[in-house]
$ cat target-v8.tsv   # TSV, N, CA and C atoms
chain	number	residue	atom	x	y	z
A	289	MET	N	-25.77	89.34	-32.37
A	289	MET	CA	-26.46	88.07	-32.32
A	289	MET	C	-27.94	88.21	-32.64
A	290	SER	N	-28.54	89.25	-32.18
A	290	SER	CA	-29.97	89.41	-32.39
A	290	SER	C	-30.30	89.73	-33.85
A	291	ASN	N	-29.28	90.03	-34.70
A	291	ASN	CA	-29.51	90.33	-36.10
A	291	ASN	C	-29.47	89.08	-36.98
A	292	ASP	N	-29.08	87.93	-36.45
A	292	ASP	CA	-29.01	86.70	-37.21
A	292	ASP	C	-30.41	86.23	-37.58
A	293	THR	N	-30.53	85.59	-38.77
A	293	THR	CA	-31.81	84.98	-39.12
A	293	THR	C	-32.00	83.76	-38.23
A	294	PRO	N	-33.24	83.33	-38.04
A	294	PRO	CA	-33.47	82.17	-37.17
A	294	PRO	C	-32.70	80.93	-37.62
A	295	GLN	N	-32.63	80.67	-38.93
A	295	GLN	CA	-31.92	79.50	-39.43
A	295	GLN	C	-30.42	79.62	-39.17
A	296	THR	N	-29.87	80.78	-39.44
A	296	THR	CA	-28.44	81.00	-39.22
A	296	THR	C	-28.11	80.94	-37.74
A	297	ALA	N	-28.93	81.55	-36.92
A	297	ALA	CA	-28.70	81.54	-35.48
A	297	ALA	C	-28.76	80.11	-34.94
A	298	GLU	N	-29.68	79.32	-35.43
A	298	GLU	CA	-29.80	77.93	-34.95
A	298	GLU	C	-28.58	77.11	-35.37
A	299	ALA	N	-28.12	77.29	-36.59
A	299	ALA	CA	-26.94	76.56	-37.06
A	299	ALA	C	-25.71	76.98	-36.27
A	300	LEU	N	-25.57	78.27	-36.02
A	300	LEU	CA	-24.44	78.76	-35.24
A	300	LEU	C	-24.50	78.22	-33.82
A	301	PHE	N	-25.69	78.20	-33.25
A	301	PHE	CA	-25.84	77.69	-31.89
A	301	PHE	C	-25.51	76.20	-31.83
A	302	ASP	N	-25.96	75.44	-32.82
A	302	ASP	CA	-25.66	74.00	-32.84
A	302	ASP	C	-24.16	73.75	-32.89
A	303	LYS	N	-23.44	74.52	-33.69
A	303	LYS	CA	-21.98	74.38	-33.77
A	303	LYS	C	-21.34	74.78	-32.45
A	304	ALA	N	-21.81	75.87	-31.86
A	304	ALA	CA	-21.29	76.33	-30.58
A	304	ALA	C	-21.54	75.30	-29.49
A	305	LEU	N	-22.70	74.66	-29.52
A	305	LEU	CA	-23.03	73.63	-28.54
A	305	LEU	C	-22.09	72.44	-28.68
A	306	GLU	N	-21.77	72.08	-29.90
A	306	GLU	CA	-20.84	70.98	-30.14
A	306	GLU	C	-19.47	71.28	-29.51
A	307	VAL	N	-18.98	72.49	-29.72
A	307	VAL	CA	-17.69	72.90	-29.14
A	307	VAL	C	-17.77	72.91	-27.61
A	308	ALA	N	-18.85	73.48	-27.08
A	308	ALA	CA	-19.00	73.58	-25.63
A	308	ALA	C	-19.09	72.21	-24.98
A	309	GLU	N	-19.82	71.30	-25.58
A	309	GLU	CA	-19.96	69.95	-25.01
A	309	GLU	C	-18.61	69.24	-24.96
A	310	LYS	N	-17.80	69.43	-25.99
A	310	LYS	CA	-16.48	68.81	-26.02
A	310	LYS	C	-15.64	69.30	-24.84
A	311	HIS	N	-15.65	70.60	-24.61
A	311	HIS	CA	-14.87	71.16	-23.52
A	311	HIS	C	-15.47	70.85	-22.16
A	312	LEU	N	-16.78	70.80	-22.08
A	312	LEU	CA	-17.44	70.44	-20.83
A	312	LEU	C	-17.08	69.01	-20.43
A	313	ASP	N	-17.13	68.11	-21.39
A	313	ASP	CA	-16.76	66.72	-21.09
A	313	ASP	C	-15.34	66.64	-20.54
A	314	ALA	N	-14.43	67.38	-21.15
A	314	ALA	CA	-13.03	67.37	-20.68
A	314	ALA	C	-12.93	67.95	-19.27
A	315	ALA	N	-13.67	69.03	-19.00
A	315	ALA	CA	-13.62	69.66	-17.68
A	315	ALA	C	-14.20	68.75	-16.60
A	316	ILE	N	-15.27	68.05	-16.94
A	316	ILE	CA	-15.88	67.13	-15.97
A	316	ILE	C	-14.92	66.00	-15.65
A	317	LYS	N	-14.28	65.46	-16.67
A	317	LYS	CA	-13.30	64.39	-16.45
A	317	LYS	C	-12.15	64.90	-15.59
A	318	GLU	N	-11.67	66.09	-15.90
A	318	GLU	CA	-10.57	66.68	-15.12
A	318	GLU	C	-10.98	66.91	-13.68
A	319	GLY	N	-12.23	67.27	-13.46
A	319	GLY	CA	-12.72	67.54	-12.11
A	319	GLY	C	-12.86	66.31	-11.26
A	320	GLY	N	-12.88	65.14	-11.87
A	320	GLY	CA	-13.03	63.91	-11.09
A	320	GLY	C	-14.29	63.92	-10.26
A	321	MET	N	-14.12	63.76	-8.94
A	321	MET	CA	-15.28	63.74	-8.04
A	321	MET	C	-16.03	65.07	-8.04
A	322	LEU	N	-15.38	66.13	-8.47
A	322	LEU	CA	-16.03	67.44	-8.52
A	322	LEU	C	-16.80	67.64	-9.83
A	323	GLY	N	-16.85	66.63	-10.69
A	323	GLY	CA	-17.48	66.74	-12.00
A	323	GLY	C	-18.84	67.41	-12.00
A	324	PRO	N	-19.77	66.98	-11.14
A	324	PRO	CA	-21.09	67.63	-11.14
A	324	PRO	C	-21.02	69.12	-10.78
A	325	TYR	N	-20.12	69.45	-9.85
A	325	TYR	CA	-19.95	70.86	-9.47
A	325	TYR	C	-19.33	71.65	-10.60
A	326	VAL	N	-18.37	71.02	-11.29
A	326	VAL	CA	-17.73	71.67	-12.42
A	326	VAL	C	-18.78	72.00	-13.49
A	327	ALA	N	-19.68	71.07	-13.75
A	327	ALA	CA	-20.71	71.30	-14.76
A	327	ALA	C	-21.58	72.51	-14.41
A	328	VAL	N	-22.00	72.59	-13.15
A	328	VAL	CA	-22.84	73.72	-12.73
A	328	VAL	C	-22.03	75.02	-12.73
A	329	ALA	N	-20.79	74.96	-12.27
A	329	ALA	CA	-19.93	76.15	-12.26
A	329	ALA	C	-19.70	76.66	-13.68
A	330	MET	N	-19.63	75.74	-14.62
A	330	MET	CA	-19.43	76.16	-16.01
A	330	MET	C	-20.65	76.91	-16.55
A	331	ILE	N	-21.83	76.58	-16.04
A	331	ILE	CA	-23.02	77.34	-16.43
A	331	ILE	C	-22.86	78.79	-16.03
A	332	GLU	N	-22.46	79.01	-14.78
A	332	GLU	CA	-22.29	80.38	-14.31
A	332	GLU	C	-21.19	81.09	-15.09
A	333	ALA	N	-20.08	80.42	-15.29
A	333	ALA	CA	-18.97	81.03	-16.04
A	333	ALA	C	-19.40	81.34	-17.48
A	334	ALA	N	-20.17	80.44	-18.06
A	334	ALA	CA	-20.62	80.64	-19.43
A	334	ALA	C	-21.59	81.81	-19.54
A	335	VAL	N	-22.49	81.92	-18.58
A	335	VAL	CA	-23.44	83.04	-18.58
A	335	VAL	C	-22.68	84.36	-18.47
A	336	ASN	N	-21.74	84.43	-17.54
A	336	ASN	CA	-20.95	85.65	-17.37
A	336	ASN	C	-20.18	86.00	-18.65
A	337	ALA	N	-19.57	85.00	-19.28
A	337	ALA	CA	-18.83	85.24	-20.52
A	337	ALA	C	-19.76	85.66	-21.65
A	338	ALA	N	-20.94	85.03	-21.72
A	338	ALA	CA	-21.89	85.36	-22.77
A	338	ALA	C	-22.37	86.80	-22.64
A	339	VAL	N	-22.61	87.25	-21.42
A	339	VAL	CA	-23.03	88.64	-21.21
A	339	VAL	C	-21.93	89.59	-21.68
A	340	ASP	N	-20.68	89.23	-21.39
A	340	ASP	CA	-19.57	90.06	-21.84
A	340	ASP	C	-19.47	90.12	-23.36
A	341	GLU	N	-19.83	89.02	-24.02
A	341	GLU	CA	-19.71	88.93	-25.48
A	341	GLU	C	-20.93	89.48	-26.22
A	342	THR	N	-22.09	89.45	-25.58
A	342	THR	CA	-23.31	89.90	-26.26
A	342	THR	C	-23.98	90.98	-25.42
A	343	SER	N	-25.09	90.63	-24.82
A	343	SER	CA	-25.80	91.57	-23.96
A	343	SER	C	-26.63	90.78	-22.96
A	344	HIS	N	-27.03	91.47	-21.90
A	344	HIS	CA	-27.90	90.83	-20.92
A	344	HIS	C	-29.18	90.32	-21.59
A	345	GLU	N	-29.72	91.13	-22.50
A	345	GLU	CA	-30.97	90.78	-23.17
A	345	GLU	C	-30.81	89.51	-24.00
A	346	ASP	N	-29.73	89.42	-24.80
A	346	ASP	CA	-29.51	88.23	-25.61
A	346	ASP	C	-29.37	86.99	-24.75
A	347	VAL	N	-28.62	87.09	-23.67
A	347	VAL	CA	-28.40	85.94	-22.80
A	347	VAL	C	-29.71	85.54	-22.12
A	348	ALA	N	-30.46	86.50	-21.64
A	348	ALA	CA	-31.74	86.20	-20.99
A	348	ALA	C	-32.68	85.52	-21.98
A	349	ASP	N	-32.71	85.99	-23.23
A	349	ASP	CA	-33.56	85.35	-24.25
A	349	ASP	C	-33.13	83.91	-24.50
A	350	MET	N	-31.82	83.69	-24.60
A	350	MET	CA	-31.32	82.33	-24.85
A	350	MET	C	-31.63	81.41	-23.66
A	351	LEU	N	-31.51	81.94	-22.45
A	351	LEU	CA	-31.80	81.13	-21.26
A	351	LEU	C	-33.29	80.81	-21.18
A	352	ARG	N	-34.14	81.75	-21.58
A	352	ARG	CA	-35.58	81.47	-21.61
A	352	ARG	C	-35.88	80.35	-22.61
A	353	ASP	N	-35.24	80.42	-23.80
A	353	ASP	CA	-35.42	79.37	-24.80
A	353	ASP	C	-34.95	78.02	-24.25
A	354	LEU	N	-33.81	78.02	-23.58
A	354	LEU	CA	-33.28	76.79	-23.01
A	354	LEU	C	-34.23	76.23	-21.95
A	355	ALA	N	-34.74	77.11	-21.09
A	355	ALA	CA	-35.69	76.66	-20.05
A	355	ALA	C	-36.94	76.06	-20.69
A	356	ALA	N	-37.42	76.66	-21.76
A	356	ALA	CA	-38.59	76.12	-22.45
A	356	ALA	C	-38.30	74.74	-23.03
A	357	GLN	N	-37.10	74.56	-23.58
A	357	GLN	CA	-36.71	73.25	-24.12
A	357	GLN	C	-36.64	72.20	-23.00
A	358	ILE	N	-36.07	72.59	-21.87
A	358	ILE	CA	-35.96	71.67	-20.73
A	358	ILE	C	-37.34	71.25	-20.26
A	359	GLU	N	-38.25	72.22	-20.15
A	359	GLU	CA	-39.61	71.91	-19.70
A	359	GLU	C	-40.33	71.02	-20.71
A	360	ALA	N	-40.15	71.28	-22.00
A	360	ALA	CA	-40.78	70.47	-23.03
A	360	ALA	C	-40.24	69.04	-22.99
A	361	ASP	N	-38.93	68.91	-22.80
A	361	ASP	CA	-38.34	67.56	-22.69
A	361	ASP	C	-38.88	66.83	-21.48
A	362	ALA	N	-39.02	67.52	-20.36
A	362	ALA	CA	-39.53	66.90	-19.14
A	362	ALA	C	-40.99	66.48	-19.33
A	363	GLU	N	-41.78	67.30	-19.99
A	363	GLU	CA	-43.18	66.95	-20.25
A	363	GLU	C	-43.26	65.74	-21.17
A	364	GLY	N	-42.36	65.66	-22.15
A	364	GLY	CA	-42.33	64.51	-23.05
A	364	GLY	C	-41.97	63.24	-22.32
A	365	GLU	N	-41.06	63.33	-21.37
A	365	GLU	CA	-40.69	62.16	-20.58
A	365	GLU	C	-41.85	61.72	-19.70
A	366	ASP	N	-42.58	62.69	-19.14
A	366	ASP	CA	-43.72	62.38	-18.29
A	366	ASP	C	-44.80	61.65	-19.09
A	367	GLU	N	-45.00	62.04	-20.35
A	367	GLU	CA	-46.02	61.42	-21.19
A	367	GLU	C	-45.61	60.00	-21.56
A	368	ASP	N	-44.30	59.75	-21.66
A	368	ASP	CA	-43.81	58.42	-22.03
A	368	ASP	C	-43.97	57.41	-20.91
A	369	GLU	N	-44.11	57.87	-19.70
A	369	GLU	CA	-44.19	56.96	-18.54
A	369	GLU	C	-45.58	56.42	-18.33
$ encode --input "target-v8.tsv" --output "structure tokens"
Amino acid sequence: MSNDTPQTAEALFDKALEVAEKHLDAAIKEGGMLGPYVAVAMIEAAVNAAVDETSHEDVADMLRDLAAQIEADAEGEDEDE
């Protein structure tokens, strides 16, 4: 994964996100009242699976990028208010 070009890695991630969201939506619906817990549990399961498929370093880097995106989105929402 770390050998991908930034453009290729982003396109691959976007496709992977599309697949993951589809399955997450189904799992949340299946979970019913447990939906919010299912969503959080899937984060843990996904991190564990990602480490098995790549490396701790790759997963940590992706999570840092995700955290930065979340913070940027939150700052953008704060500015809109």
$ residues_around --input "target-v8.tsv" --residues "segment 320-334 of chain A" --least-positions-apart "2" --cutoff "12 Å" --atoms "only C-alpha atoms" --output "number ranges by chain"
A: 304-305, 308-309, 311-318, 336-342, 347, 351
$ atom_distance --input "target-v8.tsv" --atom1 "atom CA of Asp361 of chain A" --atom2 "atom CA of His344 of chain A"
25.6 Å
$ atom_distance --input "target-v8.tsv" --atom1 "atom C of Asp349 of chain A" --atom2 "atom C of Asp366 of chain A"
25.7 Å
$ atom_distance --input "target-v8.tsv" --atom1 "atom CA of Val335 of chain A" --atom2 "atom CA of Glu359 of chain A"
19.7 Å
$ axis_aligned_box --input "target-v8.tsv" --around "segment 315-319 of chain A" --padding-each-side "4 Å" --output "AutoDock Vina command-line options"
--center_x -13.2 --center_y 67.0 --center_z -15.1 --size_x 13.3 --size_y 13.3 --size_z 15.7
